[in-house]
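Shown here: input38.csv, CSV, C-alpha atoms.
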chain,number,residue,atom,x,y,z
B,1117,MET,CA,48.5,149.1,221.1
B,1118,ASP,CA,45.1,147.6,222.0
B,1119,ARG,CA,46.3,144.3,223.3
B,1120,LEU,CA,43.0,142.5,223.1
B,1121,LEU,CA,42.5,143.7,219.5
B,1122,ALA,CA,46.1,142.6,218.6
B,1123,MET,CA,45.4,139.2,220.3
B,1124,GLN,CA,42.2,138.8,218.4
B,1125,THR,CA,43.9,139.8,215.1
B,1126,PHE,CA,46.7,137.3,215.6
B,1127,ALA,CA,44.2,134.5,216.4
B,1128,LYS,CA,42.3,135.3,213.3
B,1129,VAL,CA,45.4,135.2,211.2
B,1130,VAL,CA,46.2,131.7,212.6
B,1131,GLU,CA,42.7,130.5,212.1
B,1132,THR,CA,42.5,131.6,208.5
B,1133,GLY,CA,46.1,131.0,207.6
B,1134,SER,CA,46.5,134.3,205.9
B,1135,PHE,CA,46.8,138.0,206.6
B,1136,VAL,CA,44.5,138.8,203.7
B,1137,ARG,CA,41.8,136.5,204.7
B,1138,ALA,CA,42.0,137.6,208.4
B,1139,ALA,CA,41.7,141.2,207.2
B,1140,GLU,CA,38.5,140.3,205.2
B,1141,LYS,CA,37.0,138.6,208.3
B,1142,LEU,CA,37.9,141.5,210.6
B,1143,ASP,CA,36.9,144.2,208.0
B,1144,MET,CA,40.3,145.7,208.3
B,1145,SER,CA,43.1,146.5,205.8
B,1146,THR,CA,45.8,143.9,205.3
B,1147,SER,CA,48.4,146.4,206.4
B,1148,ALA,CA,46.5,147.1,209.7
B,1149,VAL,CA,46.5,143.4,210.4
B,1150,SER,CA,50.2,143.0,209.7
B,1151,ARG,CA,51.0,146.1,211.9
B,1152,LEU,CA,49.0,144.7,214.8
B,1153,VAL,CA,50.7,141.3,214.7
B,1154,ALA,CA,54.1,143.0,214.4
B,1155,GLU,CA,53.3,145.2,217.4
B,1156,LEU,CA,52.2,142.2,219.4
B,1157,GLU,CA,55.5,140.4,218.6
B,1158,THR,CA,57.4,143.5,219.6
B,1159,HIS,CA,55.4,143.7,222.9
B,1160,LEU,CA,56.1,140.1,223.6
B,1161,ASN,CA,59.7,140.2,222.4
B,1162,ALA,CA,59.0,136.9,220.6
B,1163,ARG,CA,58.4,135.9,217.0
B,1164,LEU,CA,54.9,134.3,216.8
B,1165,LEU,CA,54.8,133.5,213.0
B,1166,GLN,CA,57.2,132.3,210.4
B,1167,ARG,CA,56.4,134.1,207.2
B,1168,THR,CA,57.4,133.0,203.7
B,1169,THR,CA,56.1,134.0,200.3
B,1170,ARG,CA,53.9,130.8,200.2
B,1171,ARG,CA,52.7,130.2,203.7
B,1172,LEU,CA,52.5,131.1,207.4
B,1173,SER,CA,53.5,128.8,210.2
B,1174,LEU,CA,53.5,129.1,214.0
B,1175,THR,CA,56.7,129.2,216.0
B,1176,ASP,CA,56.7,127.2,219.3
B,1177,ALA,CA,56.1,130.5,221.1
B,1178,GLY,CA,53.3,131.4,218.7
B,1179,ARG,CA,51.6,128.0,219.2
B,1180,ALA,CA,51.7,128.4,223.0
B,1181,TYR,CA,50.4,132.0,222.8
B,1182,PHE,CA,47.6,131.0,220.4
B,1183,GLU,CA,46.3,128.3,222.7
B,1184,ARG,CA,46.2,130.8,225.6
B,1185,ALA,CA,44.8,133.6,223.4
B,1186,GLN,CA,41.9,131.4,222.3
B,1187,GLN,CA,40.9,130.8,225.9
B,1188,ILE,CA,41.2,134.5,226.8
B,1189,ILE,CA,39.1,135.6,223.8
B,1190,ALA,CA,36.5,133.0,224.6
B,1191,ASP,CA,36.3,134.2,228.2
B,1192,VAL,CA,35.9,137.8,227.1
B,1193,ASP,CA,33.2,136.8,224.6
B,1194,GLU,CA,31.4,134.8,227.3
B,1195,ALA,CA,31.5,137.7,229.8
B,1196,GLU,CA,30.0,140.1,227.2
B,1197,THR,CA,27.4,137.5,226.3
B,1198,GLU,CA,26.4,136.9,229.9
B,1199,VAL,CA,25.8,140.6,230.4
B,1200,GLY,CA,24.1,141.0,227.0
B,1201,SER,CA,21.8,138.1,227.5
B,1202,GLU,CA,21.1,138.3,231.2
B,1203,ALA,CA,17.4,138.7,230.6
B,1204,SER,CA,17.0,136.2,227.9
B,1205,LYS,CA,15.1,132.9,228.6
B,1206,PRO,CA,16.7,129.6,227.9
B,1207,SER,CA,14.8,128.0,225.0
B,1208,GLY,CA,15.2,125.7,222.0
B,1209,TRP,CA,16.8,122.3,221.4
B,1210,LEU,CA,19.8,121.7,223.7
B,1211,ARG,CA,22.1,119.1,221.9
B,1212,PHE,CA,24.7,117.6,224.2
B,1213,THR,CA,26.7,114.5,224.9
B,1214,ALA,CA,27.4,112.7,228.1
B,1215,PRO,CA,29.2,109.5,229.3
B,1216,VAL,CA,27.0,106.4,229.0
B,1217,SER,CA,26.9,105.2,232.6
B,1218,LEU,CA,26.7,108.6,234.1
B,1219,GLY,CA,23.9,109.4,231.7
B,1220,THR,CA,21.8,106.3,232.4
B,1221,ARG,CA,22.5,106.2,236.2
B,1222,HIS,CA,22.4,109.9,237.2
B,1223,LEU,CA,21.7,112.3,234.4
B,1224,ALA,CA,18.4,110.6,233.4
B,1225,ALA,CA,17.1,111.0,237.0
B,1226,VAL,CA,17.6,114.8,237.1
B,1227,LEU,CA,16.7,115.8,233.6
B,1228,PRO,CA,12.9,115.7,234.2
B,1229,ARG,CA,13.5,118.3,237.0
B,1230,TYR,CA,15.6,120.4,234.6
B,1231,CYS,CA,12.8,120.3,232.0
B,1232,ALA,CA,10.2,121.3,234.7
B,1233,GLN,CA,12.4,124.3,235.6
B,1234,TYR,CA,13.1,125.3,232.0
B,1235,PRO,CA,10.0,124.2,230.0
B,1236,LEU,CA,11.2,126.0,226.8
B,1237,VAL,CA,14.4,123.9,226.5
B,1238,HIS,CA,14.2,120.6,224.8
B,1239,PRO,CA,17.2,118.2,225.6
B,1240,ASP,CA,18.6,116.1,222.8
B,1241,VAL,CA,21.1,113.8,224.6
B,1242,SER,CA,23.7,111.6,222.9
B,1243,LEU,CA,25.4,109.1,225.3
B,1244,SER,CA,28.9,108.1,224.3
B,1245,ASP,CA,32.2,107.3,226.2
B,1246,ARG,CA,34.3,108.4,223.3
B,1247,ALA,CA,35.8,111.9,223.0
B,1248,VAL,CA,33.2,113.5,220.7
B,1249,ASP,CA,34.1,116.5,218.5
B,1250,LEU,CA,31.4,119.0,219.5
B,1251,VAL,CA,31.8,121.2,216.5
B,1252,GLU,CA,31.9,118.4,214.0
B,1253,GLU,CA,28.8,116.8,215.4
B,1254,GLY,CA,26.8,120.0,215.8
B,1255,LEU,CA,26.6,119.8,219.6
B,1256,ASP,CA,26.0,122.7,222.0
B,1257,MET,CA,28.0,121.2,224.9
B,1258,GLY,CA,29.2,118.0,226.4
B,1259,LEU,CA,29.8,116.4,229.8
B,1260,ARG,CA,33.2,114.9,230.0
B,1261,ILE,CA,35.2,113.2,232.8
B,1262,ALA,CA,38.9,113.9,232.7
B,1263,ALA,CA,41.9,115.1,234.7
B,1264,GLN,CA,42.8,117.6,231.9
B,1265,LEU,CA,40.9,118.8,228.8
B,1266,PRO,CA,42.2,120.1,225.5
B,1267,GLY,CA,42.6,123.8,225.2
B,1268,SER,CA,40.1,124.0,222.3
B,1269,TYR,CA,37.2,123.9,224.7
B,1270,VAL,CA,35.9,126.1,227.4
B,1271,ALA,CA,35.3,124.0,230.5
B,1272,ARG,CA,33.2,124.5,233.6
B,1273,ARG,CA,33.6,122.3,236.7
B,1274,ILE,CA,30.5,120.4,237.6
B,1275,ALA,CA,31.5,117.8,240.3
B,1276,PRO,CA,34.5,115.8,241.5
B,1277,ILE,CA,34.8,112.2,240.3
B,1278,ARG,CA,36.4,110.0,242.9
B,1279,ILE,CA,37.9,106.7,242.1
B,1280,VAL,CA,37.8,103.5,244.3
B,1281,ALA,CA,39.4,100.1,244.0
B,1282,CYS,CA,36.9,97.5,245.2
B,1283,ALA,CA,35.9,93.9,244.9
B,1284,ALA,CA,33.1,91.5,246.0
B,1285,PRO,CA,33.3,89.9,249.5
B,1286,GLY,CA,33.2,86.5,247.8
B,1287,TYR,CA,36.2,87.3,245.7
B,1288,LEU,CA,38.2,88.4,248.7
B,1289,VAL,CA,37.3,85.3,250.7
B,1290,THR,CA,38.7,83.1,247.8
B,1291,HIS,CA,41.7,85.2,246.8
B,1292,GLY,CA,42.5,87.2,249.9
B,1293,THR,CA,42.5,91.0,250.5
B,1294,PRO,CA,45.4,93.2,249.1
B,1295,LYS,CA,47.0,95.2,251.8
B,1296,THR,CA,49.3,97.4,249.6
B,1297,PRO,CA,49.1,98.4,245.9
B,1298,ALA,CA,52.0,95.9,245.1
B,1299,ASP,CA,49.7,93.1,246.2
B,1300,LEU,CA,47.4,93.8,243.2
B,1301,LYS,CA,50.0,92.1,241.0
B,1302,GLU,CA,48.8,88.8,242.4
B,1303,HIS,CA,45.1,89.5,241.8
B,1304,ARG,CA,42.7,89.4,238.9
B,1305,ALA,CA,42.0,92.9,237.6
B,1306,LEU,CA,38.9,94.0,235.6
B,1307,ALA,CA,40.2,96.7,233.2
B,1308,TYR,CA,38.5,99.6,231.6
B,1309,SER,CA,39.4,99.7,227.9
B,1310,TYR,CA,39.4,103.6,227.6
B,1311,ALA,CA,41.6,104.2,230.7
B,1312,ALA,CA,44.2,106.8,230.0
B,1313,ASP,CA,46.9,104.9,231.8
B,1314,GLY,CA,45.9,101.5,230.4
B,1315,GLU,CA,46.4,98.8,233.0
B,1316,THR,CA,48.7,100.9,235.2
B,1317,TRP,CA,46.9,101.8,238.5
B,1318,THR,CA,48.5,104.6,240.4
B,1319,PHE,CA,48.0,105.2,244.2
B,1320,SER,CA,49.1,107.8,246.7
B,1321,ASP,CA,49.8,107.2,250.4
B,1322,SER,CA,49.2,109.6,253.3
B,1323,GLN,CA,52.6,111.2,252.5
B,1324,GLN,CA,51.5,111.8,248.9
B,1325,ARG,CA,54.1,109.3,247.6
B,1326,ARG,CA,52.9,107.7,244.4
B,1327,THR,CA,53.0,104.0,243.6
B,1328,SER,CA,52.2,102.7,240.1
B,1329,VAL,CA,51.3,99.0,239.6
B,1330,GLN,CA,50.9,97.1,236.4
B,1331,VAL,CA,47.9,95.0,237.1
B,1332,ARG,CA,47.1,91.6,235.5
B,1333,SER,CA,43.8,91.9,233.7
B,1334,THR,CA,41.6,88.9,233.1
B,1335,PHE,CA,38.6,90.8,231.9
B,1336,ARG,CA,38.3,94.0,229.9
B,1337,ALA,CA,35.3,96.2,228.8
B,1338,ASN,CA,34.8,99.7,227.4
B,1339,ASN,CA,31.8,100.2,229.7
B,1340,GLY,CA,31.9,100.5,233.5
B,1341,ASP,CA,28.6,98.9,234.2
B,1342,VAL,CA,29.8,95.7,232.6
B,1343,LEU,CA,32.9,95.8,234.8
B,1344,CYS,CA,30.8,96.4,237.9
B,1345,ALA,CA,28.5,93.4,237.1
B,1346,ALA,CA,31.6,91.2,236.7
B,1347,ALA,CA,33.0,92.5,240.0
B,1348,ARG,CA,29.8,91.8,241.8
B,1349,ALA,CA,29.9,88.3,240.4
B,1350,GLY,CA,33.4,87.8,242.0
B,1351,GLU,CA,35.5,88.0,238.8
B,1352,GLY,CA,38.1,90.3,240.2
B,1353,ILE,CA,39.1,93.8,241.4
B,1354,ILE,CA,37.9,97.0,239.7
B,1355,MET,CA,39.0,100.6,239.8
B,1356,GLN,CA,36.0,102.6,239.0
B,1357,PRO,CA,34.3,106.0,239.8
B,1358,THR,CA,32.0,106.2,242.8
B,1359,PHE,CA,29.1,107.3,240.6
B,1360,LEU,CA,29.2,103.6,239.3
B,1361,VAL,CA,30.1,101.7,242.5
B,1362,GLY,CA,28.6,103.9,245.2
B,1363,GLU,CA,25.4,102.0,245.7
B,1364,ASP,CA,27.2,98.7,245.6
B,1365,LEU,CA,29.6,99.9,248.3
B,1366,ARG,CA,26.7,101.2,250.4
B,1367,ALA,CA,24.8,97.9,250.1
B,1368,GLY,CA,27.9,95.8,250.8
B,1369,ARG,CA,27.9,94.1,247.4
B,1370,LEU,CA,31.4,95.5,246.8
B,1371,VAL,CA,34.1,96.3,249.5
B,1372,PRO,CA,36.5,99.3,249.2
B,1373,LEU,CA,40.1,98.2,249.2
B,1374,LEU,CA,43.4,99.8,250.3
B,1375,ALA,CA,41.9,102.4,252.6
B,1376,ASP,CA,45.3,103.8,253.4
B,1377,TYR,CA,45.8,104.9,249.8
B,1378,THR,CA,44.0,107.2,247.4
B,1379,LEU,CA,43.6,107.1,243.6
B,1380,PRO,CA,43.8,110.2,241.4
B,1381,GLU,CA,40.6,112.2,241.4
B,1382,LEU,CA,39.0,113.2,238.1
B,1383,THR,CA,36.5,116.0,237.4
B,1384,LEU,CA,33.2,116.1,235.6
B,1385,HIS,CA,33.3,119.1,233.3
B,1386,ALA,CA,30.8,120.8,231.1
B,1387,ILE,CA,32.6,121.7,227.9
B,1388,TYR,CA,31.6,123.8,224.9
B,1389,PRO,CA,33.4,125.2,221.8
B,1390,SER,CA,35.6,128.1,222.7
B,1391,ARG,CA,34.6,130.0,219.6
B,1392,ARG,CA,30.9,130.1,220.4
B,1393,HIS,CA,29.0,132.4,222.8
B,1394,LEU,CA,27.6,130.7,225.8
B,1395,SER,CA,23.9,130.5,225.2
B,1396,ALA,CA,21.3,130.9,227.9
B,1397,LYS,CA,20.2,127.2,227.5
B,1398,VAL,CA,23.8,125.9,227.9
B,1399,ARG,CA,24.3,128.1,230.9
B,1400,SER,CA,21.0,127.0,232.5
B,1401,LEU,CA,22.0,123.3,232.3
B,1402,VAL,CA,25.5,123.9,233.6
B,1403,GLU,CA,24.2,125.8,236.6
B,1404,PHE,CA,21.5,123.3,237.2
B,1405,LEU,CA,23.9,120.3,237.3
B,1406,GLN,CA,26.3,122.2,239.5
B,1407,ALA,CA,23.4,122.8,242.0
B,1408,GLN,CA,22.3,119.1,241.7
B,1409,TRP,CA,25.7,117.5,242.1
B,1410,GLY,CA,28.3,120.0,243.3
B,1411,GLU,CA,31.3,119.2,245.4
B,1412,THR,CA,29.5,116.4,247.3
B,1413,PRO,CA,27.5,114.5,244.7
B,1414,PRO,CA,24.8,112.1,245.8
B,1415,TRP,CA,26.6,109.1,244.5
B,1416,ASP,CA,29.2,109.7,247.2
B,1417,CYS,CA,26.5,109.1,249.9
B,1418,TRP,CA,28.2,105.8,250.9
B,1419,MET,CA,31.2,107.9,252.2
B,1420,GLN,CA,29.1,110.0,254.5
B,1421,GLY,CA,27.0,107.1,255.6
B,1422,SER,CA,29.8,104.6,256.2
B,1423,GLU,CA,29.4,104.8,260.0
B,1424,SER,CA,25.6,104.8,260.1
B,1425,GLN,CA,23.5,101.8,260.9
B,1426,ASP,CA,22.1,101.4,257.3
B,1427,PHE,CA,25.6,101.0,255.8
B,1428,PRO,CA,26.7,97.3,256.2
B,1429,PRO,CA,30.1,97.1,257.8
B,1430,ALA,CA,32.8,95.8,255.4
B,1431,ARG,CA,33.9,92.4,256.5
B,1432,LEU,CA,37.3,92.0,255.1
B,1433,PRO,CA,38.8,88.5,255.1
B,1434,ASP,CA,42.3,88.1,256.4

I need this file expressed as structure tokens, please.
Amino acid sequence: MDRLLAMQTFAKVVETGSFVRAAEKLDMSTSAVSRLVAELETHLNARLLQRTTRRLSLTDAGRAYFERAQQIIADVDEAETEVGSEASKPSGWLRFTAPVSLGTRHLAAVLPRYCAQYPLVHPDVSLSDRAVDLVEEGLDMGLRIAAQLPGSYVARRIAPIRIVACAAPGYLVTHGTPKTPADLKEHRALAYSYAADGETWTFSDSQQRRTSVQVRSTFRANNGDVLCAAARAGEGIIMQPTFLVGEDLRAGRLVPLLADYTLPELTLHAIYPSRRHLSAKVRSLVEFLQAQWGETPPWDCWMQGSESQDFPPARLPD
């Protein structure tokens, strides 16, 4: 049995919902499609599909296998495309989406350099903090910040996204400085509306013991820049990525809190539909951004410079 062919055949049956339609798409006989799926089930020793006279449905094992099979098939297609299009030049309109604040603060600064390096590519950028459906909106790729991504997309790591809890010095003078995560319950929190965990902030200590705190929000927004402005004005404590607060931390407008604890790290991914080949223009932007930002992105410069003379020392009130 050709395992890759059997996997591709099974995936096509699931996608089309029919052995007959899958056979038409694959230019195979219906009996050949049925045989390959049956051989795959025998090989796996698991039933993947429930068959009735009217419809097909995935078993639990079939659903799990289908999700993994999609990724494997996409990776194989991508590998073949990379070899086949090695000499092709990136060109044409590159339609992609990115988070609003990352786009305005950092992406906008590097895109002119990308255009100079790839003059035949024309970026068409849509900034949005919502989870955009790339296929439905006709996009080539997206930049997305998350801990985990849905299996329907191929993802490539671009850079780490580190999270910091911080507040303005003036706020800390008035309200005091939290020493432990539990102290946050007594403080005013500025909450991000799209946060996956709502208003529960989770910290880890040096022993990797996790502590979750339900904060008391007095201000909410679906945009990080709004929350940063409110924090600088002394409205409360924010938990935001360093690409938003890095410059404020470096300038002393905000002060990092709870130095003995860490917040979960996220990742900036480039994502694209798993059923499409990776075009030269998409690959060019992914590799460009990896080179520009990488594992130590420029917005984390405040961390490297925290002991230098041009980084104002944090004056934490007692």

Legend entry - One-decimal distance in Å that lies between CA of Val1216 (chain B) and CA of Ser1244 (chain B):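 We find that CA of Ser1244 (chain B) and CA of Val1216 (chain B) lie 5.3 Å from each other.
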
Write out as a Markdown table the residues of region 1165-1226 of chain B that have any atom within 12 Å of an atom of region 1141-1160 of chain B, one row each with the nearest atom pair and its distance in Å to one decimal, counting all atoms listed in the file, sorted by chain and then rising number.
| residue | atom | partner | partner_atom | distance |
| --- | --- | --- | --- | --- |
| B:Leu1165 | CA | B:Glu1157 | CA | 8.9 |
| B:Gln1166 | CA | B:Glu1157 | CA | 11.7 |
| B:Arg1167 | CA | B:Ser1150 | CA | 11.1 |
| B:Thr1175 | CA | B:Glu1157 | CA | 11.6 |
| B:Ala1177 | CA | B:Leu1160 | CA | 9.9 |
| B:Gly1178 | CA | B:Glu1157 | CA | 9.3 |
| B:Tyr1181 | CA | B:Leu1160 | CA | 9.9 |

Inset, instruction - May I have the protein, DNA and RNA residues with an atom at most 8 Å from (24.4, 112.1, 220.3), counting only C-alpha atoms in the file's coordinates, returned as a PyMOL selection string? - result: chain B and resi 1211-1213+1240-1244

Legend entry - Atom pair CA of Gln1187 (chain B) / CA of Ala1122 (chain B): separation (Å):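 Going from CA of Gln1187 (chain B) over to CA of Ala1122 (chain B) covers 14.8 Å.
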
Legend entry - Between CA of Leu1306 (chain B) and CA of Arg1348 (chain B) - distance in Å to one decimal: 11.2 Å

Legend entry - Spatial neighbours of region 1276-1281 of chain B, max dist 7 Å, only C-alpha atoms, sep filter under 2 positions, as a list in words: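 That gives Ile1353, Ile1354, Met1355, Gln1356, Pro1357, Thr1358, Pro1372, Leu1373, Leu1379, Pro1380, Glu1381, Leu1382, Thr1383, Leu1384 and Glu1411 of chain B.
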
Inset, instruction - Name all residues at most 8 Å from Asp1256 (chain B) (count all atoms listed in the file; drop same-chain ones fewer than 5 positions away) and give them as a list in words. - result: Leu1210, Arg1211, Phe1212, Leu1250, Tyr1388, Pro1389 and Val1398 of chain B

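Closest to Ser1173 (chain B) among B:Val1371, B:Ala1138, B:Leu1236, B:Val1130 is B:Val1130, based on all atoms listed in the file.
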
Per residue of region 1205-1279 of chain B within 12 Å of region 1329-1347 of chain B, which atom pair is closest and at what distance in Å (one decimal), using only C-alpha atoms, listed by chain and increasing number, as JSON lines?
{"residue": "B:Pro1215", "atom": "CA", "partner": "B:Asn1339", "partner_atom": "CA", "distance": 9.7}
{"residue": "B:Val1216", "atom": "CA", "partner": "B:Asn1339", "partner_atom": "CA", "distance": 7.9}
{"residue": "B:Ser1217", "atom": "CA", "partner": "B:Asp1341", "partner_atom": "CA", "distance": 6.7}
{"residue": "B:Leu1218", "atom": "CA", "partner": "B:Gly1340", "partner_atom": "CA", "distance": 9.6}
{"residue": "B:Gly1219", "atom": "CA", "partner": "B:Asp1341", "partner_atom": "CA", "distance": 11.8}
{"residue": "B:Thr1220", "atom": "CA", "partner": "B:Asp1341", "partner_atom": "CA", "distance": 10.2}
{"residue": "B:Arg1221", "atom": "CA", "partner": "B:Asp1341", "partner_atom": "CA", "distance": 9.7}
{"residue": "B:Leu1243", "atom": "CA", "partner": "B:Asn1339", "partner_atom": "CA", "distance": 11.8}
{"residue": "B:Ser1244", "atom": "CA", "partner": "B:Asn1339", "partner_atom": "CA", "distance": 10.0}
{"residue": "B:Asp1245", "atom": "CA", "partner": "B:Asn1339", "partner_atom": "CA", "distance": 7.9}
{"residue": "B:Arg1246", "atom": "CA", "partner": "B:Asn1338", "partner_atom": "CA", "distance": 9.6}

Inset, instruction - Could you tell me which of B:Gly1292, B:Asp1376, B:Ala1275, B:Phe1359 comes closest to Thr1412 (chain B) if we count all atoms listed in the file? - result: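 Residue with the minimum atom-to-atom distance to Thr1412 (chain B): B:Ala1275.
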
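If you count all atoms listed in the file and ignore residues fewer than 2 places along the chain from Gln1406 (chain B), what sits within 8 Å of it is Arg1273, Ile1274, Ala1275, Val1402, Glu1403, Phe1404, Gln1408, Trp1409 and Gly1410 of chain B.
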
Inset, instruction - For each of B:Leu1374, B:Cys1417, B:Met1117, B:Ala1139, take the minimum atom-to-atom distance to Asp1321 (chain B), counting all atoms listed in the file, then give the residue where this is smallest. - result: B:Leu1374

N, CA and C atoms are what I want for region 1120-1146 of chain B; can you complete it accordingly and write them as a PDB file, in the coordinates of the input?
ATOM      1  N   LEU B1120      44.048 143.481 223.397  1.00  0.00           N
ATOM      2  CA  LEU B1120      43.000 142.500 223.100  1.00  0.00           C
ATOM      3  C   LEU B1120      42.750 142.461 221.582  1.00  0.00           C
ATOM      4  N   LEU B1121      42.710 143.637 220.933  1.00  0.00           N
ATOM      5  CA  LEU B1121      42.500 143.700 219.500  1.00  0.00           C
ATOM      6  C   LEU B1121      43.668 142.986 218.776  1.00  0.00           C
ATOM      7  N   ALA B1122      44.901 143.231 219.251  1.00  0.00           N
ATOM      8  CA  ALA B1122      46.100 142.600 218.600  1.00  0.00           C
ATOM      9  C   ALA B1122      45.994 141.067 218.818  1.00  0.00           C
ATOM     10  N   MET B1123      45.570 140.623 219.997  1.00  0.00           N
ATOM     11  CA  MET B1123      45.400 139.200 220.300  1.00  0.00           C
ATOM     12  C   MET B1123      44.371 138.581 219.355  1.00  0.00           C
ATOM     13  N   GLN B1124      43.231 139.265 219.222  1.00  0.00           N
ATOM     14  CA  GLN B1124      42.200 138.800 218.400  1.00  0.00           C
ATOM     15  C   GLN B1124      42.615 138.724 216.896  1.00  0.00           C
ATOM     16  N   THR B1125      43.377 139.717 216.497  1.00  0.00           N
ATOM     17  CA  THR B1125      43.900 139.800 215.100  1.00  0.00           C
ATOM     18  C   THR B1125      44.838 138.634 214.845  1.00  0.00           C
ATOM     19  N   PHE B1126      45.778 138.437 215.769  1.00  0.00           N
ATOM     20  CA  PHE B1126      46.700 137.300 215.600  1.00  0.00           C
ATOM     21  C   PHE B1126      45.989 135.992 215.547  1.00  0.00           C
ATOM     22  N   ALA B1127      44.995 135.782 216.425  1.00  0.00           N
ATOM     23  CA  ALA B1127      44.200 134.500 216.400  1.00  0.00           C
ATOM     24  C   ALA B1127      43.515 134.330 215.094  1.00  0.00           C
ATOM     25  N   LYS B1128      42.985 135.408 214.534  1.00  0.00           N
ATOM     26  CA  LYS B1128      42.300 135.300 213.300  1.00  0.00           C
ATOM     27  C   LYS B1128      43.240 134.960 212.119  1.00  0.00           C
ATOM     28  N   VAL B1129      44.440 135.510 212.168  1.00  0.00           N
ATOM     29  CA  VAL B1129      45.400 135.200 211.200  1.00  0.00           C
ATOM     30  C   VAL B1129      45.774 133.686 211.215  1.00  0.00           C
ATOM     31  N   VAL B1130      45.939 133.164 212.425  1.00  0.00           N
ATOM     32  CA  VAL B1130      46.200 131.700 212.600  1.00  0.00           C
ATOM     33  C   VAL B1130      45.069 130.890 212.082  1.00  0.00           C
ATOM     34  N   GLU B1131      43.864 131.263 212.453  1.00  0.00           N
ATOM     35  CA  GLU B1131      42.700 130.500 212.100  1.00  0.00           C
ATOM     36  C   GLU B1131      42.467 130.446 210.570  1.00  0.00           C
ATOM     37  N   THR B1132      42.709 131.582 209.905  1.00  0.00           N
ATOM     38  CA  THR B1132      42.500 131.600 208.500  1.00  0.00           C
ATOM     39  C   THR B1132      43.697 131.264 207.651  1.00  0.00           C
ATOM     40  N   GLY B1133      44.889 131.318 208.302  1.00  0.00           N
ATOM     41  CA  GLY B1133      46.100 131.000 207.600  1.00  0.00           C
ATOM     42  C   GLY B1133      46.612 132.053 206.662  1.00  0.00           C
ATOM     43  N   SER B1134      46.103 133.265 206.805  1.00  0.00           N
ATOM     44  CA  SER B1134      46.500 134.300 205.900  1.00  0.00           C
ATOM     45  C   SER B1134      46.174 135.687 206.449  1.00  0.00           C
ATOM     46  N   PHE B1135      47.078 136.652 206.217  1.00  0.00           N
ATOM     47  CA  PHE B1135      46.800 138.000 206.600  1.00  0.00           C
ATOM     48  C   PHE B1135      45.665 138.618 205.814  1.00  0.00           C
ATOM     49  N   VAL B1136      45.596 138.261 204.541  1.00  0.00           N
ATOM     50  CA  VAL B1136      44.500 138.800 203.700  1.00  0.00           C
ATOM     51  C   VAL B1136      43.177 138.315 204.112  1.00  0.00           C
ATOM     52  N   ARG B1137      43.052 136.995 204.332  1.00  0.00           N
ATOM     53  CA  ARG B1137      41.800 136.500 204.700  1.00  0.00           C
ATOM     54  C   ARG B1137      41.354 136.939 206.138  1.00  0.00           C
ATOM     55  N   ALA B1138      42.345 137.089 207.024  1.00  0.00           N
ATOM     56  CA  ALA B1138      42.000 137.600 208.400  1.00  0.00           C
ATOM     57  C   ALA B1138      41.524 139.058 208.237  1.00  0.00           C
ATOM     58  N   ALA B1139      42.141 139.850 207.353  1.00  0.00           N
ATOM     59  CA  ALA B1139      41.700 141.200 207.200  1.00  0.00           C
ATOM     60  C   ALA B1139      40.252 141.263 206.660  1.00  0.00           C
ATOM     61  N   GLU B1140      39.904 140.347 205.754  1.00  0.00           N
ATOM     62  CA  GLU B1140      38.500 140.300 205.200  1.00  0.00           C
ATOM     63  C   GLU B1140      37.545 139.942 206.350  1.00  0.00           C
ATOM     64  N   LYS B1141      37.906 138.970 207.201  1.00  0.00           N
ATOM     65  CA  LYS B1141      37.000 138.600 208.300  1.00  0.00           C
ATOM     66  C   LYS B1141      36.836 139.668 209.317  1.00  0.00           C
ATOM     67  N   LEU B1142      37.892 140.438 209.555  1.00  0.00           N
ATOM     68  CA  LEU B1142      37.900 141.500 210.600  1.00  0.00           C
ATOM     69  C   LEU B1142      37.435 142.841 210.034  1.00  0.00           C
ATOM     70  N   ASP B1143      37.212 142.906 208.702  1.00  0.00           N
ATOM     71  CA  ASP B1143      36.900 144.200 208.000  1.00  0.00           C
ATOM     72  C   ASP B1143      37.946 145.219 208.314  1.00  0.00           C
ATOM     73  N   MET B1144      39.192 144.809 208.106  1.00  0.00           N
ATOM     74  CA  MET B1144      40.300 145.700 208.300  1.00  0.00           C
ATOM     75  C   MET B1144      41.202 145.611 207.037  1.00  0.00           C
ATOM     76  N   SER B1145      42.143 146.538 206.931  1.00  0.00           N
ATOM     77  CA  SER B1145      43.100 146.500 205.800  1.00  0.00           C
ATOM     78  C   SER B1145      44.171 145.440 206.160  1.00  0.00           C
ATOM     79  N   THR B1146      44.770 144.875 205.124  1.00  0.00           N
ATOM     80  CA  THR B1146      45.800 143.900 205.300  1.00  0.00           C
ATOM     81  C   THR B1146      47.016 144.531 206.064  1.00  0.00           C
TER      82      THR B1146
END
